[in-house]
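K.L.:
My questions all concern the structure below.
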Amino acid sequence: MLMRYAAMRLMQLIPMVLVVTMVVFFVMMIVPGDPVMVMLGAVDGAPVSREVYDAMRLQLGLDQPLIVQYFHWLLNVLQGDLGISITYRTPALEVIFQRMIPTLYLMVGGTLIAVIIAVPAGVLAAIHNSTKWDHLATGFVVLGISVPTFWLGLIAILIFAVYLGWLPSIGYTPPQEDFVDFLKHIALPLSVVALNIAATVLRFQRQDFLEQMHQDYVRTARAKGLSETLVLWKHVLRNSLMTTFTVVGLQVAYLSGLITIVESVFNYPGIGYLLLNSIRTRDFIVVQGVVLFMAFLVIIVNLMVDVLYTVLDPRIRYS
Amino acid sequence: MEARATDDSLIFARSASRLSSVTRSIISFAGGDRRFVVGGMILVLYILVALMGPGISPYDLNVPELDIRMQAPSWAHWLGTDRIGRDVLTRIIAGSRVSLEVAAGAVIMALILGAPLGALGSYAGGTADSLVQRIMEGIMAFPSLVLALALVALAGPSVIMLWFAIAFSSIPRYARLVRSGILTQKEQEYVDAARAMGQSPMRILVRQILPHIMAPISVQLTLDFARAITVEASLSYLGLGLSVPYISWGTMIRDAQDFLEVAPWLAIFPGLTLAGVILAFTLVGDALRDRMDPRMRRSLSRRLA
């Protein structure tokens with residue numbers, strides 16, 4: 001049953017994948033100038049040898065009609081062939097994978113910390129609705145949504161690196177090299193990501209918990225004589241965690257934009273930093289690759305959330 | 001969406017039938033809300049400053065005064081001076097116009113592109129409707145900031161390109177809002193009456209239905225405004241926004257990054273301004289939304305995505 005549901009959801013993804021890839025493909029078409037030269041990163045009139053030019057022209061399939069070009073390109077993309085990076089002279093996918101690990105630390109770590117802070121905070125804000133604690137939580141949410149990430153990052157550098165001198169302002173050390181140094185470097189970017197996600201999670205956790213508290217099953221549980229603590233922290237929380245789960249899943253699209261900014265602020269060598277660097281060096285194969293990679297990541301995570309949802313909530317029908 | 005149809009129709013029905021009275025009812029609607037009052041006051045100030053621009057600036061925008069480089073805030077220069085002696089306050093005032101121009105254009109473009117798609121889907125139904133729906137889902141799967149970044153980087157930054165790049169990911173929100181709005185309104189008696197009077201579908205849509213769905217759309221516009229300002233500033237911060245002679249708050253913060261130790265005010269004040277304006281739009285949007293439909297809170301998760 002579950003497998004069939006997953007398969008069906010997978011089929012429904014096809015139009016989405018088509019739209020996403022078409023957008024990426026046609027976005028690359030709007031670059032002014034000869035697409036071959038653009039893809040070679042040679043827009044400034046840098047000399048390009050005939051062989052290199054023809055190879056790229058063939059790779060792009062420019063002699064074909066546009067729609068054939070698209071499907072030709074899509075076929076390659078679906079096989080993991082994103083083209084060869086001009087700057088790194090290796091397949092774009094390899095370049096992306098090399099930068100993926102530091103980004104995953106930020107994405108996964110940031111989300112985990114956000115959930116650990118925001119879920120209890122949201123529940124407390126809902127239980128103590130309209131009290132000082134609730135206002136504090138709501139204030140945090142509004143600020144978290146309003147303060148631009150890049151500025152928050154700079155202020156964090158200003159306080160913790162410049163004034164207090166506790167942490168390095170930029171850079172990255174792999175954990176296997178020096179774990180303490182790794183923690184020192186990741187502390188600020190990770191905190192900025194976590195705070196940002198926490199604001200959204202808190203908002204929904206509070207909202208959903210408030211709504212759940214007035215459901216019939218809560219009245220039933222109280223009528224059975226269960227303690228208030230048990231009712232709220234077991235019955236209500238379990239149900240409202242479903243919403244949190246969905247919200248977190250939906251954050252992935254937002255998260256990839258967020259890490260691009262954070263990685264730029266902290267010179268943190270992940271795929272967001274790679275994207276910006278490739279834009280600067282006009283390595284459009286990599287730019288295209290990273291955008292596609294992020295879009296596919298979003299689609300896959302959304303699918304996983306969807307399927308897991310049916311596992312966690314038996315009320316959802318497989319239809 | 002369908003499950004909420006009855007709630008929506010209530011809200012739609014409650015708002016008045018003409019645009020001006022919708023605006024008036026919004027104000028009386030949310031007038032007692034502190035968020036609306038505070039946010040609204042900041043917004044009025046922001047728009048006035050953006051419109052008046054150079055007229056109220058204390059100093060000349062671009063004339064460097066090298067002997068007063070990177071001075072801390074003082075009575076002469078309230079927010080200090082930058083690395084070539086230009087007045088920071090003057091530049092923040094100039095930056096308000098870029099942020100307003102880009103954000104306003106972007107939300108209007110999203111509405112103009114999204115609303116007809118939603119109307120088409122709800123009126124045509126069937127294949128056209130599901131095709132539009134699938135495309136909208138595809139767009140929603142996109143990391144919006146990353147796409148905007150790629151668009152601007154590839155096509156080169158211009159005001160129109162920025163409008164489109166920022167608007168693109170908001171299109172589905174308006175398409176969906178208009179679609180569900182029309183679907184509920186179509187069943188109302190006043191639409192039947194208009195049809196019986198022999199009004200054309202187009203006329204019914206524009207003259208009868210549109211005013212009824214303006215209220216939820218205006219909430220979305222307000223919240224999207226905050227998002228558009230954030231994206232514009234973020235793109236400028238990343239070095240992908242409008243270049244000289246345009247002055248963006250994001251660019252100011254980007255330039256300030258190198259002088260964080262010696263001249264932190266260069267980063268602090270443009271950032272505070274930016275955060276204040278975004279905060280104001282968020283407060284007003286939240287206040288309006290809560291008054292009109294507490295259930296609409298859910299749409300917020302996608303606002304920043």
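Residue names in the structure tokens use chain letters A, B, ... in the order shown, residue numbers from 1 in each chain, and ligand numbers from 1 in the order shown.
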Tell me as number ranges by chain which residues belonging to chain A come within 6 Å of chain B, counting only C-alpha atoms.

P.N.:
A: 16, 19-20, 31, 146-147, 253-254, 257, 295

K.L.:
Write out the residues from the selection above, keeping N, CA and C atoms, as a CSV table (one decimal), in the first residue's frame.

P.N.:
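Done, and the output landed in part_36.csv:
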```csv
chain,number,residue,atom,x,y,z
A,16,MET,N,6.1,18.3,-12.3
A,16,MET,CA,6.9,19.2,-11.5
A,16,MET,C,8.4,19.3,-11.9
A,19,VAL,N,8.6,21.1,-15.2
A,19,VAL,CA,8.5,22.6,-15.1
A,19,VAL,C,9.8,23.1,-14.6
A,20,VAL,N,10.3,22.5,-13.5
A,20,VAL,CA,11.6,23.0,-12.9
A,20,VAL,C,12.7,22.9,-13.9
A,31,VAL,N,20.7,34.4,-21.4
A,31,VAL,CA,21.9,35.1,-21.3
A,31,VAL,C,22.2,35.7,-22.7
A,146,SER,N,11.7,39.5,10.2
A,146,SER,CA,12.0,40.8,9.6
A,146,SER,C,13.5,41.1,9.5
A,147,VAL,N,14.3,40.7,10.3
A,147,VAL,CA,15.7,41.1,10.3
A,147,VAL,C,16.4,40.3,9.1
A,253,ALA,N,13.2,24.6,0.5
A,253,ALA,CA,13.4,25.6,-0.6
A,253,ALA,C,13.9,26.9,0.0
A,254,TYR,N,13.3,27.3,1.1
A,254,TYR,CA,13.8,28.6,1.7
A,254,TYR,C,15.2,28.4,2.2
A,257,GLY,N,18.1,29.1,-0.2
A,257,GLY,CA,18.4,30.5,-0.3
A,257,GLY,C,19.1,31.1,0.9
A,295,ALA,N,17.0,22.6,-6.6
A,295,ALA,CA,15.5,22.4,-7.0
A,295,ALA,C,15.2,20.9,-6.8
```

K.L.:
How many Å lie between atom CA of Leu177 of chain B and atom CA of Ile217 of chain B, rounded to one decimal?

P.N.:
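Separation between atom CA of Leu177 of chain B and atom CA of Ile217 of chain B: 7.1 Å.
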
K.L.:
Measure the distance from atom CA of Phe204 of chain A to atom CA of Asp134 of chain A in Å and round it to one decimal.

P.N.:
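A separation of 13.4 Å between them.
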
K.L.:
Name all residues at most 10 Å from Pro120 of chain A (count only C-alpha atoms; drop same-chain ones fewer than 5 positions away) and give them as JSON, numbers by chain.

P.N.:
{"A": [115, 125, 126, 202, 205, 206, 233, 237]}

K.L.:
I need the residues from that last selection saved to file as a JSON list (two decimals), in the first residue's frame (with N, CA and C atoms), if you can.

P.N.:
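File written: selection-v8.json
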```json
[["chain", "number", "residue", "atom", "x", "y", "z"],
["A", 115, "VAL", "N", 14.51, 23.14, 15.62],
["A", 115, "VAL", "CA", 13.38, 22.36, 16.12],
["A", 115, "VAL", "C", 13.49, 22.17, 17.64],
["A", 125, "ALA", "N", 4.46, 28.92, 24.55],
["A", 125, "ALA", "CA", 3.78, 30.14, 24.16],
["A", 125, "ALA", "C", 2.29, 29.89, 23.97],
["A", 126, "ALA", "N", 1.95, 28.71, 23.45],
["A", 126, "ALA", "CA", 0.54, 28.39, 23.23],
["A", 126, "ALA", "C", -0.18, 28.14, 24.55],
["A", 202, "LEU", "N", 8.64, 28.07, 15.32],
["A", 202, "LEU", "CA", 7.96, 28.51, 16.53],
["A", 202, "LEU", "C", 6.57, 29.05, 16.20],
["A", 205, "GLN", "N", 4.31, 26.11, 15.32],
["A", 205, "GLN", "CA", 4.11, 25.25, 16.48],
["A", 205, "GLN", "C", 3.10, 25.89, 17.43],
["A", 206, "ARG", "N", 3.28, 27.17, 17.70],
["A", 206, "ARG", "CA", 2.39, 27.89, 18.60],
["A", 206, "ARG", "C", 0.98, 27.90, 18.04],
["A", 233, "TRP", "N", 1.20, 17.63, 26.83],
["A", 233, "TRP", "CA", 2.52, 17.25, 26.32],
["A", 233, "TRP", "C", 2.52, 15.90, 25.62],
["A", 237, "LEU", "N", 0.65, 17.56, 21.81],
["A", 237, "LEU", "CA", 1.95, 17.74, 21.16],
["A", 237, "LEU", "C", 2.13, 16.74, 20.03]]
```

K.L.:
Near Tyr174 of chain B, counting only C-alpha atoms, which residues have an atom at most 8 Å away, once you skip same-chain residues fewer than 4 positions from it, shown as a ChimeraX atom specification?

P.N.:
/B:110-111,114-115,118,170,178,217,220

K.L.:
Keeping only N, CA and C atoms, write those residues as a PDB file, in the first residue's frame.

P.N.:
```pdb
ATOM      1  N   ALA B 110       3.863  40.372  -9.947  1.00  0.00           N
ATOM      2  CA  ALA B 110       3.400  39.051  -9.516  1.00  0.00           C
ATOM      3  C   ALA B 110       1.880  38.971  -9.608  1.00  0.00           C
ATOM      4  N   LEU B 111       1.213  40.051  -9.189  1.00  0.00           N
ATOM      5  CA  LEU B 111      -0.248  40.080  -9.243  1.00  0.00           C
ATOM      6  C   LEU B 111      -0.731  40.036 -10.691  1.00  0.00           C
ATOM      7  N   GLY B 114       0.031  36.552 -12.033  1.00  0.00           N
ATOM      8  CA  GLY B 114      -0.610  35.440 -11.331  1.00  0.00           C
ATOM      9  C   GLY B 114      -2.124  35.446 -11.418  1.00  0.00           C
ATOM     10  N   ALA B 115      -2.730  36.637 -11.258  1.00  0.00           N
ATOM     11  CA  ALA B 115      -4.195  36.710 -11.206  1.00  0.00           C
ATOM     12  C   ALA B 115      -4.876  36.160 -12.462  1.00  0.00           C
ATOM     13  N   GLY B 118      -4.832  32.392 -12.467  1.00  0.00           N
ATOM     14  CA  GLY B 118      -5.816  31.830 -11.541  1.00  0.00           C
ATOM     15  C   GLY B 118      -7.217  31.947 -12.104  1.00  0.00           C
ATOM     16  N   SER B 170       6.371  34.454  -6.650  1.00  0.00           N
ATOM     17  CA  SER B 170       5.116  34.833  -5.990  1.00  0.00           C
ATOM     18  C   SER B 170       3.911  34.572  -6.873  1.00  0.00           C
ATOM     19  N   VAL B 178      -6.629  33.912  -6.383  1.00  0.00           N
ATOM     20  CA  VAL B 178      -7.675  34.337  -7.315  1.00  0.00           C
ATOM     21  C   VAL B 178      -8.531  33.137  -7.710  1.00  0.00           C
ATOM     22  N   ILE B 217      -6.372  39.562  -1.349  1.00  0.00           N
ATOM     23  CA  ILE B 217      -5.249  39.888  -2.230  1.00  0.00           C
ATOM     24  C   ILE B 217      -4.403  41.002  -1.629  1.00  0.00           C
ATOM     25  N   GLN B 220      -2.066  39.667   0.931  1.00  0.00           N
ATOM     26  CA  GLN B 220      -0.938  38.989   0.297  1.00  0.00           C
ATOM     27  C   GLN B 220       0.053  39.991  -0.267  1.00  0.00           C
TER      28      GLN B 220
END
```

K.L.:
Residues near Leu124 of chain A, anyone? I mean within 12 Å using only C-alpha atoms, not counting same-chain ones fewer than 4 positions away, as a ChimeraX atom specification.

P.N.:
/A:117-120,128-138,202-203,205-207,209-210,229,232-233,237
